[in-house]
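Dumped my_file.csv below, it's CSV, C-alpha atoms and all ligand atoms:
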```csv
chain,number,residue,atom,x,y,z
A,1,MET,CA,14.4,-7.9,11.9
A,2,LEU,CA,14.5,-5.0,9.4
A,3,ASN,CA,12.3,-5.3,6.4
A,4,LEU,CA,14.3,-4.3,3.3
A,5,TYR,CA,11.0,-3.3,1.6
A,6,ASP,CA,10.7,-0.6,4.2
A,7,PHE,CA,13.9,1.1,2.9
A,8,SER,CA,14.3,3.8,0.3
A,9,LEU,CA,17.6,3.8,-1.6
A,10,ASP,CA,18.8,6.6,0.7
A,11,ASP,CA,17.9,4.7,3.8
A,12,LEU,CA,19.6,1.6,2.5
A,13,THR,CA,22.7,3.6,1.7
A,14,ALA,CA,22.7,5.0,5.3
A,15,LEU,CA,22.4,1.6,6.8
A,16,LEU,CA,25.1,0.0,4.8
A,17,THR,CA,27.4,3.0,5.3
A,18,GLU,CA,26.9,2.5,9.1
A,19,TRP,CA,27.9,-1.1,8.6
A,20,GLY,CA,31.2,0.1,7.0
A,21,GLU,CA,30.3,-0.9,3.4
A,22,PRO,CA,31.3,1.1,0.4
A,23,LYS,CA,28.6,3.3,-1.1
A,24,PHE,CA,27.9,1.3,-4.2
A,25,ARG,CA,26.7,-1.7,-2.1
A,26,ALA,CA,23.3,-0.1,-1.4
A,27,LYS,CA,22.8,0.3,-5.2
A,28,GLN,CA,23.7,-3.3,-5.8
A,29,VAL,CA,21.2,-4.5,-3.1
A,30,TRP,CA,18.6,-2.2,-4.6
A,31,GLU,CA,19.1,-3.6,-8.1
A,32,TRP,CA,18.7,-7.1,-6.8
A,33,LEU,CA,15.4,-6.2,-5.1
A,34,TYR,CA,13.8,-4.0,-7.8
A,35,ASP,CA,15.5,-4.7,-11.1
A,36,LYS,CA,16.4,-8.4,-10.9
A,37,ARG,CA,13.6,-9.0,-8.3
A,38,VAL,CA,15.1,-11.8,-6.3
A,39,SER,CA,13.4,-13.2,-3.2
A,40,THR,CA,16.4,-14.4,-1.2
A,41,LEU,CA,19.6,-12.7,0.0
A,42,ASP,CA,21.6,-15.7,-1.2
A,43,ALA,CA,20.6,-14.8,-4.8
A,44,MET,CA,22.5,-11.5,-4.4
A,45,THR,CA,25.7,-13.1,-5.7
A,46,ASN,CA,27.8,-10.0,-6.3
A,47,LEU,CA,27.7,-9.1,-2.6
A,48,PRO,CA,30.6,-10.4,-0.4
A,49,GLN,CA,29.6,-13.4,1.7
A,50,SER,CA,30.2,-11.4,4.9
A,51,LEU,CA,27.6,-8.8,3.9
A,52,ARG,CA,25.1,-11.5,2.8
A,53,ASP,CA,25.5,-13.2,6.2
A,54,ARG,CA,24.9,-10.0,8.1
A,55,LEU,CA,21.9,-9.1,6.0
A,56,LYS,CA,20.5,-12.6,6.6
A,57,THR,CA,20.8,-12.2,10.4
A,58,GLU,CA,19.5,-8.6,10.6
A,59,THR,CA,17.0,-8.2,7.7
A,60,VAL,CA,14.2,-9.9,5.7
A,61,ILE,CA,12.9,-9.4,2.2
A,62,GLY,CA,9.2,-8.8,3.1
A,63,THR,CA,7.1,-9.8,6.1
A,64,LEU,CA,3.9,-11.2,4.4
A,65,GLN,CA,3.4,-14.9,5.2
A,66,VAL,CA,1.3,-16.9,2.8
A,67,ALA,CA,-1.6,-18.3,4.9
A,68,ALA,CA,-3.6,-19.9,2.1
A,69,GLU,CA,-3.8,-19.8,-1.7
A,70,GLN,CA,-6.0,-20.9,-4.5
A,71,SER,CA,-5.7,-21.0,-8.3
A,72,SER,CA,-8.7,-20.8,-10.5
A,73,LYS,CA,-9.3,-22.6,-13.9
A,74,ASP,CA,-9.0,-19.2,-15.6
A,75,GLY,CA,-5.5,-18.7,-14.2
A,76,THR,CA,-6.5,-16.3,-11.4
A,77,HIS,CA,-4.3,-16.8,-8.4
A,78,LYS,CA,-5.7,-15.7,-5.0
A,79,ARG,CA,-3.7,-15.5,-1.9
A,80,LEU,CA,-4.4,-14.9,1.8
A,81,TYR,CA,-1.5,-13.2,3.6
A,82,ARG,CA,-0.9,-13.2,7.3
A,83,LEU,CA,0.6,-10.0,8.6
A,84,PRO,CA,3.2,-10.1,11.5
A,85,ASP,CA,0.4,-9.3,14.0
A,86,GLY,CA,-1.9,-12.1,12.7
A,87,GLN,CA,-4.2,-10.0,10.6
A,88,LEU,CA,-5.2,-11.6,7.3
A,89,ILE,CA,-5.5,-9.7,3.9
A,90,GLU,CA,-6.1,-10.9,0.4
A,91,ALA,CA,-4.2,-10.2,-2.9
A,92,VAL,CA,-5.1,-11.6,-6.3
A,93,LEU,CA,-3.1,-12.0,-9.5
A,94,MET,CA,-5.1,-12.0,-12.7
A,95,PRO,CA,-3.3,-13.0,-16.0
A,96,TYR,CA,-5.0,-11.8,-19.1
A,97,ASP,CA,-4.4,-13.2,-22.6
A,98,ASP,CA,-2.9,-10.0,-23.9
A,99,ASP,CA,0.2,-10.2,-21.7
A,100,ARG,CA,-1.3,-8.1,-19.0
A,101,ARG,CA,-0.6,-9.3,-15.4
A,102,THR,CA,-2.8,-7.5,-13.0
A,103,ALA,CA,-2.5,-7.5,-9.2
A,104,CYS,CA,-5.5,-6.7,-7.1
A,105,ILE,CA,-4.3,-5.6,-3.6
A,106,SER,CA,-5.7,-4.6,-0.3
A,107,SER,CA,-5.3,-1.3,1.5
A,108,GLN,CA,-6.7,-2.2,4.9
A,109,ALA,CA,-7.3,-5.3,7.1
A,110,GLY,CA,-11.1,-5.3,7.0
A,111,CYS,CA,-13.1,-2.1,6.2
A,112,ALA,CA,-15.1,0.4,8.1
A,113,MET,CA,-17.5,1.4,5.3
A,114,GLY,CA,-20.0,-1.4,5.9
A,115,CYS,CA,-21.3,-1.9,2.3
A,116,VAL,CA,-24.0,-4.5,2.8
A,117,PHE,CA,-23.1,-6.8,-0.1
A,118,CYS,CA,-19.3,-6.8,0.5
A,119,ALA,CA,-17.6,-9.7,2.3
A,120,THR,CA,-15.0,-7.3,3.7
A,121,GLY,CA,-17.6,-4.8,4.8
A,122,GLN,CA,-19.4,-7.6,6.6
A,123,MET,CA,-16.2,-8.3,8.6
A,124,GLY,CA,-15.7,-4.8,9.9
A,125,PHE,CA,-12.5,-2.8,10.3
A,126,ALA,CA,-9.4,-4.3,11.9
A,127,ARG,CA,-6.5,-1.9,11.1
A,128,GLN,CA,-4.8,0.3,8.5
A,129,LEU,CA,-2.1,-1.3,6.4
A,130,THR,CA,1.3,0.4,6.2
A,131,ALA,CA,2.5,1.7,2.9
A,132,THR,CA,5.0,-1.2,2.8
A,133,GLU,CA,2.3,-3.8,3.5
A,134,ILE,CA,0.3,-2.4,0.5
A,135,PHE,CA,3.4,-2.1,-1.7
A,136,GLU,CA,4.7,-5.6,-0.8
A,137,GLN,CA,1.6,-7.4,-2.0
A,138,ALA,CA,2.4,-6.2,-5.5
A,139,ALA,CA,6.1,-6.6,-5.1
A,140,ARG,CA,5.6,-10.3,-4.2
A,141,PHE,CA,3.8,-11.0,-7.4
A,142,ALA,CA,6.4,-9.0,-9.4
A,143,VAL,CA,9.1,-11.2,-7.9
A,144,GLU,CA,7.3,-14.4,-8.7
A,145,LEU,CA,6.5,-13.3,-12.2
A,146,ALA,CA,10.2,-12.4,-12.8
A,147,THR,CA,11.2,-16.0,-12.3
A,148,GLN,CA,9.0,-16.8,-15.3
A,149,GLY,CA,10.4,-13.9,-17.3
A,150,GLU,CA,7.2,-12.0,-16.9
A,151,ARG,CA,6.4,-8.5,-15.6
A,152,LEU,CA,3.7,-7.3,-13.4
A,153,SER,CA,2.0,-4.7,-15.6
A,154,ASN,CA,-1.1,-3.4,-13.8
A,155,VAL,CA,-2.2,-2.9,-10.2
A,156,VAL,CA,-5.7,-2.2,-8.9
A,157,LEU,CA,-6.5,-1.2,-5.3
A,158,MET,CA,-9.7,-3.2,-5.2
A,159,GLY,CA,-8.9,-5.8,-2.6
A,160,MET,CA,-9.9,-5.5,1.0
A,161,GLY,CA,-10.4,-2.0,2.4
A,162,GLU,CA,-11.1,1.6,1.4
A,163,PRO,CA,-7.9,3.1,0.0
A,164,PHE,CA,-9.0,6.7,0.6
A,165,HIS,CA,-9.7,5.8,4.3
A,166,ASN,CA,-5.9,5.1,4.4
A,167,TYR,CA,-5.0,7.9,2.1
A,168,ASP,CA,-1.3,8.7,2.9
A,169,ALA,CA,-0.2,5.1,3.0
A,170,THR,CA,-2.0,4.3,-0.2
A,171,LEU,CA,-0.5,7.2,-2.0
A,172,THR,CA,3.0,6.4,-0.8
A,173,ALA,CA,2.5,2.8,-1.9
A,174,VAL,CA,1.2,3.9,-5.3
A,175,ARG,CA,4.3,6.2,-5.8
A,176,ARG,CA,6.5,3.2,-5.0
A,177,LEU,CA,4.7,1.0,-7.5
A,178,MET,CA,5.6,3.6,-10.1
A,179,ASN,CA,9.1,4.4,-9.0
A,180,ASP,CA,10.4,1.1,-7.7
A,181,LEU,CA,8.4,-1.5,-9.7
A,182,GLY,CA,8.2,0.6,-12.9
A,183,ILE,CA,4.4,0.3,-13.2
A,184,GLY,CA,3.0,3.2,-15.3
A,185,ALA,CA,0.5,5.5,-13.5
A,186,ARG,CA,-2.1,4.8,-16.2
A,187,HIS,CA,-1.8,1.1,-15.3
A,188,ILE,CA,-2.7,1.7,-11.7
A,189,THR,CA,-6.4,2.1,-10.5
A,190,ILE,CA,-7.6,3.3,-7.1
A,191,SER,CA,-11.2,2.3,-6.3
A,192,THR,CA,-13.1,4.3,-3.7
A,193,VAL,CA,-16.5,4.0,-2.3
A,194,GLY,CA,-16.8,7.8,-2.6
A,195,LEU,CA,-14.9,9.7,0.1
A,196,VAL,CA,-15.5,13.2,-1.2
A,197,PRO,CA,-12.7,15.2,0.4
A,198,GLN,CA,-10.1,12.6,-0.7
A,199,ILE,CA,-11.4,12.5,-4.3
A,200,ARG,CA,-10.8,16.2,-4.4
A,201,ARG,CA,-7.4,15.9,-2.8
A,202,PHE,CA,-6.5,13.1,-5.2
A,203,ALA,CA,-7.5,15.3,-8.2
A,204,ASP,CA,-5.0,17.8,-6.9
A,205,GLU,CA,-2.1,15.3,-6.8
A,206,ASN,CA,-1.5,15.6,-10.5
A,207,LEU,CA,-1.1,11.9,-11.0
A,208,GLN,CA,-2.1,10.0,-14.1
A,209,VAL,CA,-3.5,7.1,-11.9
A,210,THR,CA,-7.0,5.9,-12.8
A,211,LEU,CA,-9.8,6.7,-10.4
A,212,ALA,CA,-12.7,4.3,-10.0
A,213,VAL,CA,-15.8,5.2,-7.9
A,214,SER,CA,-18.2,2.6,-6.6
A,215,LEU,CA,-21.6,3.9,-7.4
A,216,HIS,CA,-24.0,0.9,-7.6
A,217,LYS,CA,-27.2,3.1,-7.2
A,218,ALA,CA,-28.2,6.4,-8.7
A,219,THR,CA,-30.6,7.8,-6.1
A,220,ASP,CA,-29.6,8.8,-2.5
A,221,GLU,CA,-32.2,6.7,-0.6
A,222,GLU,CA,-31.3,3.5,-2.5
A,223,ARG,CA,-27.6,4.1,-2.5
A,224,THR,CA,-27.6,4.7,1.3
A,225,ALA,CA,-29.3,1.4,1.8
A,226,LEU,CA,-26.4,-0.4,0.1
A,227,LEU,CA,-23.5,1.9,0.9
A,228,PRO,CA,-23.9,3.6,4.3
A,229,VAL,CA,-21.2,6.1,3.4
A,230,ASN,CA,-23.8,7.8,1.2
A,231,LYS,CA,-25.3,9.2,4.3
A,232,ARG,CA,-22.1,11.2,4.9
A,233,TRP,CA,-21.5,12.3,1.3
A,234,ASN,CA,-24.6,12.2,-0.8
A,235,LEU,CA,-24.8,11.8,-4.6
A,236,ASP,CA,-24.8,15.6,-5.2
A,237,GLU,CA,-21.6,16.0,-3.3
A,238,LEU,CA,-20.1,12.9,-4.8
A,239,MET,CA,-20.9,13.9,-8.4
A,240,ALA,CA,-19.6,17.4,-7.8
A,241,ALA,CA,-16.3,15.9,-6.7
A,242,CYS,CA,-16.2,13.6,-9.7
A,243,HIS,CA,-16.8,16.5,-12.0
A,244,TYR,CA,-14.0,18.4,-10.2
A,245,TYR,CA,-11.7,15.4,-10.7
A,246,VAL,CA,-12.4,15.2,-14.5
A,247,GLU,CA,-12.0,18.9,-15.0
A,248,LYS,CA,-8.8,19.1,-12.9
A,249,THR,CA,-7.1,16.0,-14.4
A,250,GLY,CA,-8.6,15.8,-17.9
A,251,ARG,CA,-8.9,12.1,-17.1
A,252,ARG,CA,-11.9,9.9,-17.6
A,253,ILE,CA,-13.4,8.5,-14.4
A,254,THR,CA,-14.6,4.9,-14.0
A,255,PHE,CA,-17.8,4.1,-12.2
A,256,GLU,CA,-18.3,0.6,-10.8
A,257,TRP,CA,-21.8,-0.9,-10.8
A,258,ALA,CA,-22.2,-4.3,-9.0
A,259,ALA,CA,-25.2,-5.6,-11.0
A,260,ILE,CA,-27.7,-7.2,-8.6
A,261,ALA,CA,-30.7,-9.0,-10.0
A,262,GLY,CA,-33.9,-7.0,-9.7
A,263,GLU,CA,-32.2,-4.4,-7.6
A,264,ASN,CA,-30.2,-2.2,-9.9
A,265,ASP,CA,-30.3,-3.9,-13.3
A,266,THR,CA,-33.7,-2.7,-14.5
A,267,ALA,CA,-34.4,-0.3,-17.4
A,268,LEU,CA,-35.6,2.2,-14.9
A,269,GLU,CA,-32.2,2.0,-13.1
A,270,ALA,CA,-30.4,2.4,-16.4
A,271,HIS,CA,-32.3,5.6,-17.1
A,272,LYS,CA,-31.6,7.0,-13.7
A,273,LEU,CA,-27.9,6.2,-14.1
A,274,GLY,CA,-27.8,7.7,-17.6
A,275,ASN,CA,-29.3,10.9,-16.3
A,276,LEU,CA,-26.8,11.1,-13.5
A,277,LEU,CA,-23.8,10.6,-15.7
A,278,LYS,CA,-24.7,12.2,-19.0
A,279,GLY,CA,-22.1,14.8,-20.1
A,280,LEU,CA,-19.4,13.5,-17.8
A,281,MET,CA,-16.3,12.0,-19.2
A,282,CYS,CA,-16.6,8.5,-17.8
A,283,HIS,CA,-17.0,4.8,-18.2
A,284,VAL,CA,-19.2,2.4,-16.3
A,285,ASN,CA,-17.8,-1.0,-15.4
A,286,ILE,CA,-20.6,-3.4,-14.6
A,287,ILE,CA,-19.6,-6.4,-12.5
A,288,PRO,CA,-22.3,-9.0,-11.8
A,289,LEU,CA,-22.6,-9.3,-8.0
A,290,ASN,CA,-20.6,-12.0,-6.3
A,291,PRO,CA,-23.0,-13.5,-3.8
A,292,THR,CA,-21.8,-13.2,-0.2
A,293,GLY,CA,-22.9,-14.9,3.0
A,294,GLY,CA,-24.3,-11.8,4.6
A,295,TYR,CA,-26.4,-10.5,1.7
A,296,ALA,CA,-29.3,-12.2,-0.2
A,297,GLY,CA,-28.8,-10.5,-3.6
A,298,GLN,CA,-27.9,-12.5,-6.7
A,299,PRO,CA,-25.9,-11.5,-9.8
A,300,ALA,CA,-27.9,-9.9,-12.6
A,301,PRO,CA,-28.3,-12.1,-15.7
A,302,LEU,CA,-26.1,-11.3,-18.6
A,303,ASP,CA,-28.9,-10.5,-21.1
A,304,THR,CA,-30.4,-7.9,-18.6
A,305,VAL,CA,-27.0,-6.4,-18.3
A,306,GLN,CA,-26.7,-6.1,-22.1
A,307,ASP,CA,-30.1,-4.2,-22.2
A,308,PHE,CA,-28.8,-2.0,-19.4
A,309,ILE,CA,-25.8,-1.1,-21.5
A,310,ARG,CA,-27.9,-0.3,-24.5
A,311,ILE,CA,-30.0,2.1,-22.5
A,312,LEU,CA,-26.9,3.9,-21.2
A,313,GLU,CA,-25.8,4.3,-24.9
A,314,HIS,CA,-28.8,6.6,-25.4
A,315,TYR,CA,-27.2,9.0,-22.9
A,316,SER,CA,-23.8,8.6,-24.5
A,317,VAL,CA,-22.5,6.9,-21.4
A,318,SER,CA,-20.1,4.0,-22.3
A,319,ALA,CA,-20.3,0.8,-20.3
A,320,THR,CA,-18.9,-2.7,-20.4
A,321,VAL,CA,-19.5,-5.8,-18.4
A,322,ARG,CA,-16.5,-7.2,-16.7
A,323,VAL,CA,-16.4,-10.9,-16.5
A,324,ARG,CA,-16.0,-12.1,-13.0
A,325,ARG,CA,-12.6,-13.7,-12.8
A,326,GLY,CA,-11.7,-16.5,-10.4
A,327,ILE,CA,-15.4,-17.1,-9.7
A,328,ASP,CA,-14.7,-20.7,-8.7
A,329,ILE,CA,-12.2,-19.6,-6.0
A,330,ASP,CA,-14.2,-16.9,-4.2
A,331,ALA,CA,-12.1,-14.2,-5.8
A,332,GLY,CA,-14.5,-11.5,-4.8
A,333,CYS,CA,-13.2,-8.9,-2.3
A,334,GLY,CA,-12.9,-10.4,1.1
A,335,GLN,CA,-14.4,-13.7,0.0
A,336,LEU,CA,-11.4,-16.0,0.4
A,337,LYS,CA,-10.9,-15.0,4.0
A,338,SER,CA,-14.6,-15.6,4.8
A,339,ALA,CA,-14.6,-18.9,3.0
A,340,ILE,CA,-11.5,-20.1,4.8
A,341,ILE,CA,-12.6,-18.9,8.2
A,342,GLN,CA,-15.9,-20.8,7.6
A,343,LEU,CA,-14.0,-23.9,6.8
A,344,GLY,CA,-12.1,-23.5,10.1
A,345,ASP,CA,-8.7,-23.8,8.3
A,346,ILE,CA,-7.4,-20.7,9.9
A,347,LYS,CA,-7.8,-19.7,13.5
A,348,GLN,CA,-7.7,-16.0,14.2
A,401,LIG,N1,-13.3,0.0,-1.0
A,401,LIG,C1,-13.1,0.3,-2.4
A,401,LIG,C2,-12.3,-0.7,-3.1
A,401,LIG,C3,-12.4,-2.2,-2.7
A,401,LIG,S1,-13.9,-2.9,-3.2
A,401,LIG,C4,-14.5,0.4,-3.0
A,401,LIG,O1,-15.5,0.1,-2.4
A,401,LIG,O2,-14.5,0.9,-4.2
A,401,LIG,C5,-13.7,-3.1,-5.0
A,401,LIG,C6,-15.0,-3.1,-5.7
A,401,LIG,O3,-15.7,-4.4,-5.5
A,401,LIG,C7,-16.0,-2.0,-5.3
A,401,LIG,O4,-16.6,-1.5,-6.5
A,401,LIG,C8,-17.0,-2.8,-4.5
A,401,LIG,O5,-18.3,-2.2,-4.5
A,401,LIG,C9,-17.0,-4.1,-5.3
A,401,LIG,N2,-17.6,-5.2,-4.5
A,401,LIG,C10,-17.6,-5.5,-3.2
A,401,LIG,N3,-18.2,-6.6,-2.9
A,401,LIG,C11,-18.7,-7.1,-4.1
A,401,LIG,C12,-19.5,-8.2,-4.4
A,401,LIG,N4,-19.9,-9.1,-3.5
A,401,LIG,N5,-19.8,-8.4,-5.7
A,401,LIG,C13,-19.4,-7.5,-6.7
A,401,LIG,N6,-18.7,-6.4,-6.4
A,401,LIG,C14,-18.3,-6.2,-5.1
A,402,LIG,FE1,-15.2,-1.4,2.1
A,402,LIG,FE2,-15.2,-1.3,-0.6
A,402,LIG,FE3,-16.2,-3.4,0.7
A,402,LIG,FE4,-17.5,-1.1,0.8
A,402,LIG,S1,-17.1,-2.3,-1.0
A,402,LIG,S2,-17.1,-2.4,2.5
A,402,LIG,S3,-15.8,0.4,0.8
A,402,LIG,S4,-14.1,-2.8,0.7
```
Go ahead and express the file in the form of C-alpha cells.
Ligand code: SAH
Ligand code: SF4
Amino acid sequence: MLNLYDFSLDDLTALLTEWGEPKFRAKQVWEWLYDKRVSTLDAMTNLPQSLRDRLKTETVIGTLQVAAEQSSKDGTHKRLYRLPDGQLIEAVLMPYDDDRRTACISSQAGCAMGCVFCATGQMGFARQLTATEIFEQAARFAVELATQGERLSNVVLMGMGEPFHNYDATLTAVRRLMNDLGIGARHITISTVGLVPQIRRFADENLQVTLAVSLHKATDEERTALLPVNKRWNLDELMAACHYYVEKTGRRITFEWAAIAGENDTALEAHKLGNLLKGLMCHVNIIPLNPTGGYAGQPAPLDTVQDFIRILEHYSVSATVRVRRGIDIDAGCGQLKSAIIQLGDIKQ
C-alpha cells in the first residue's frame, strides 16, 4: 500500500497521471489532505467514485496505528503509536488556554544518547524515523483538531529521540510542517541534547525555527554524569556553537534545565549557570524533573526553583518554570511507553 503522506504534490500528480486521471485531480486530493484535512478517502467527495475506489485499494492516509492513549485532567492527550514494523513511539497534544494547540512529537524510536534521567534514554536506540513518520504524528493531530474546527498551531520536537541524530529526516519533516500544515517556523521548536556540528549546520539553514538546547548542568564533569554526550562535545564546544547560532540567526536560544532536587537546583548551581550564560541572547526553561524508573532523582520544589530564577536575574539571564503538563498520565518523554510495557498491555 502507498502512504499518501509520503507524496509531494508533484509525486501525486505523477501517480494520478499514470492512472490516466486529469491533472487537477492531484490538486484536489492534496486539498483534501492538507487544507480540509480529512482522514478517509470516502470524505473526498468531489473525486469520481472510480478514483476513490482505486485509491482505497492502493493507498492509505498514514501508517501510524494507535496502540494506546491517555487523556489527562488538564486536557493533555498522550498517544502511543505502533509503526508498521512494530516499533512504538509517543506523541502528545497539549491544549493551552490561549488557543494554542501544541504537538510534541518523536524523531526516533528510542534514543542512543543515554541521558540517565530520561525514560527514552533508558530504553536505548531502536531505529531512525522517516521524515513521513515524524511529519505524520503532527498531521494526525491536525486532522483530528480540524473536525472540531481547531488548528494545530505549534510543534515541538521533544518526544522520543534526538532530532539532530536524525538530522535530514527531521529537517524534511519540519519543512513539511511549515509548507503542508501551515505552521509558522517560529511556532516550531527543535530540542537537542547538544550535537555541536548539527547545531552549527542548523544555524546555517536560515530557518526561523526555535532551537532549544538541553543543558541541565553547567560544569563538564557534572554534565557528563547526566548526559554522556558531553564527553563527545564539552561545554566549551557547545557554548561556542550556541554563540555561533545566535550570531548567525539573530535568534534567541532556549536552554532546558530539568530541575532535580539537591542536584542542580541550588544557589551555587544558579551562579554557575548565570556565569555560563551571561551576555548570550537566551532564555532558560526550567522543567521540574519527571521521576523515571531508572533514576533516583526527584523534582526540585517550586520555591527552590523561584530562588534559582531570582539568582539568574542578577546575570540578566531570563528564566521561567514550565509547569509539567499531563503529569497524571506519564507525559514525560518516553514515559507512557515504559508505563505501558510495565503493565504488560503491549507485547513487543
Ligand atoms: N533529545 C532531545 C529532545 C527530546 S527530550 C533533547 O534531549 O533535548 C526533551 C526534553 O526533555 C529534554 O530537555 C530532556 O532533557 C528532557 N527530559 C528528558 N527526560 C526528562 C525527565 N525525566 N524529566 C524532565 N525532563 C526530561
Ligand atoms: Fe535522548 Fe533527549 Fe532522552 Fe537524552 S533526553 S536520552 S537525548 S531523548
| request: Identify which of the residues A:Ala126, A:Met160, A:Leu64, A:Ala203 lies closest to ligand LIG 401 (chain A), counting all atoms listed in the file when measuring atom-to-atom distances. | output: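 Among A:Ala126, A:Met160, A:Leu64, A:Ala203, it is A:Met160 that comes nearest to ligand LIG 401 (chain A).
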| message | Which residues are near ligand LIG 401 (chain A) in this structure, taking near to mean any atom at most 8 Å from a ligand atom and counting only C-alpha atoms and all ligand atoms? Format them as an MDAnalysis selection string. | response | chainID A and resid 106 111 113 115 117:121 157:163 190:194 212:216 256:259 287:292 299 332:335
| Nearest-residue call for Val209 in chain A, choices A:Ala261, A:Leu195, A:Leu171, A:Ala241, using all atoms listed in the file | A:Leu171
| message | List as a PyMOL selection string the protein and nucleic acid residues near Met178 in chain A, meaning an atom at most 12 Å away when all atoms listed in the file are counted, but skip any in the same chain fewer than 3 places from it. | response | chain A and resi 34+135+138-139+152-155+171-175+181-188+207-209
| query | Hey, can you check how far atom FE1 of ligand LIG 402 (chain A) sits from CA of Asp303 in chain A? | reply |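 Between atom FE1 of ligand LIG 402 (chain A) and CA of Asp303 in chain A the gap works out to 28.4 Å.
CA of Leu273 in chain A is found 12.5 Å from CA of Asn285 in chain A.
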| task | Would you be able to write out as a PyMOL selection string which residues have an atom within 12 Å of (-1.1, -7.7, 2.9) in the file's coordinates, counting all atoms listed in the file? | result | chain A and resi 62-67+79-92+104-110+127-141+157+159-161
| said: Ranking A:His165, A:Arg232, A:Arg310, A:Lys217 by minimum distance to ligand LIG 402 (chain A) and counting all atoms listed in the file, which one comes first? | reply: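 Under the stated criterion, the closest residue is A:His165.
For the set A:Leu277, A:Leu93, A:Leu55, A:Val60, the residue with the smallest atom-to-atom gap to Phe255 in chain A is A:Leu277, counting only C-alpha atoms.
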| Long-range neighbours of Tyr245 in chain A as a ChimeraX atom specification, 12 Å cut-off, all atoms listed in the file, 4 positions minimum in chain | /A:196-213,238-241,249-254,280-282
| Two-atom distance - atom S4 of ligand LIG 402 (chain A), CA of Asp180 in chain A (Å) | 26.2 Å
| task | Name the closest residue to ligand LIG 402 (chain A) among the candidates A:Val284, A:Val116, A:Ala267, A:Cys242; distances are taken between atoms, counting all atoms listed in the file. | result |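 The answer is A:Val116, which sits nearest to ligand LIG 402 (chain A).
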| field | Selection near Asn3 in chain A, 9 Å with all atoms listed in the file, sequence-local residues under 2 positions removed, as a list in words | value |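 Close residues of Asn3 in chain A: Met1, Tyr5, Asp6, Phe7, Glu58, Thr59, Val60, Ile61, Gly62 and Thr63 of chain A.
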| field | Option closest in space to ligand LIG 402 (chain A), from A:Gln122, A:Asn230, A:Gln49, A:Thr266 [counting only C-alpha atoms and all ligand atoms] | value |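 Residue with the minimum atom-to-atom distance to ligand LIG 402 (chain A): A:Gln122.
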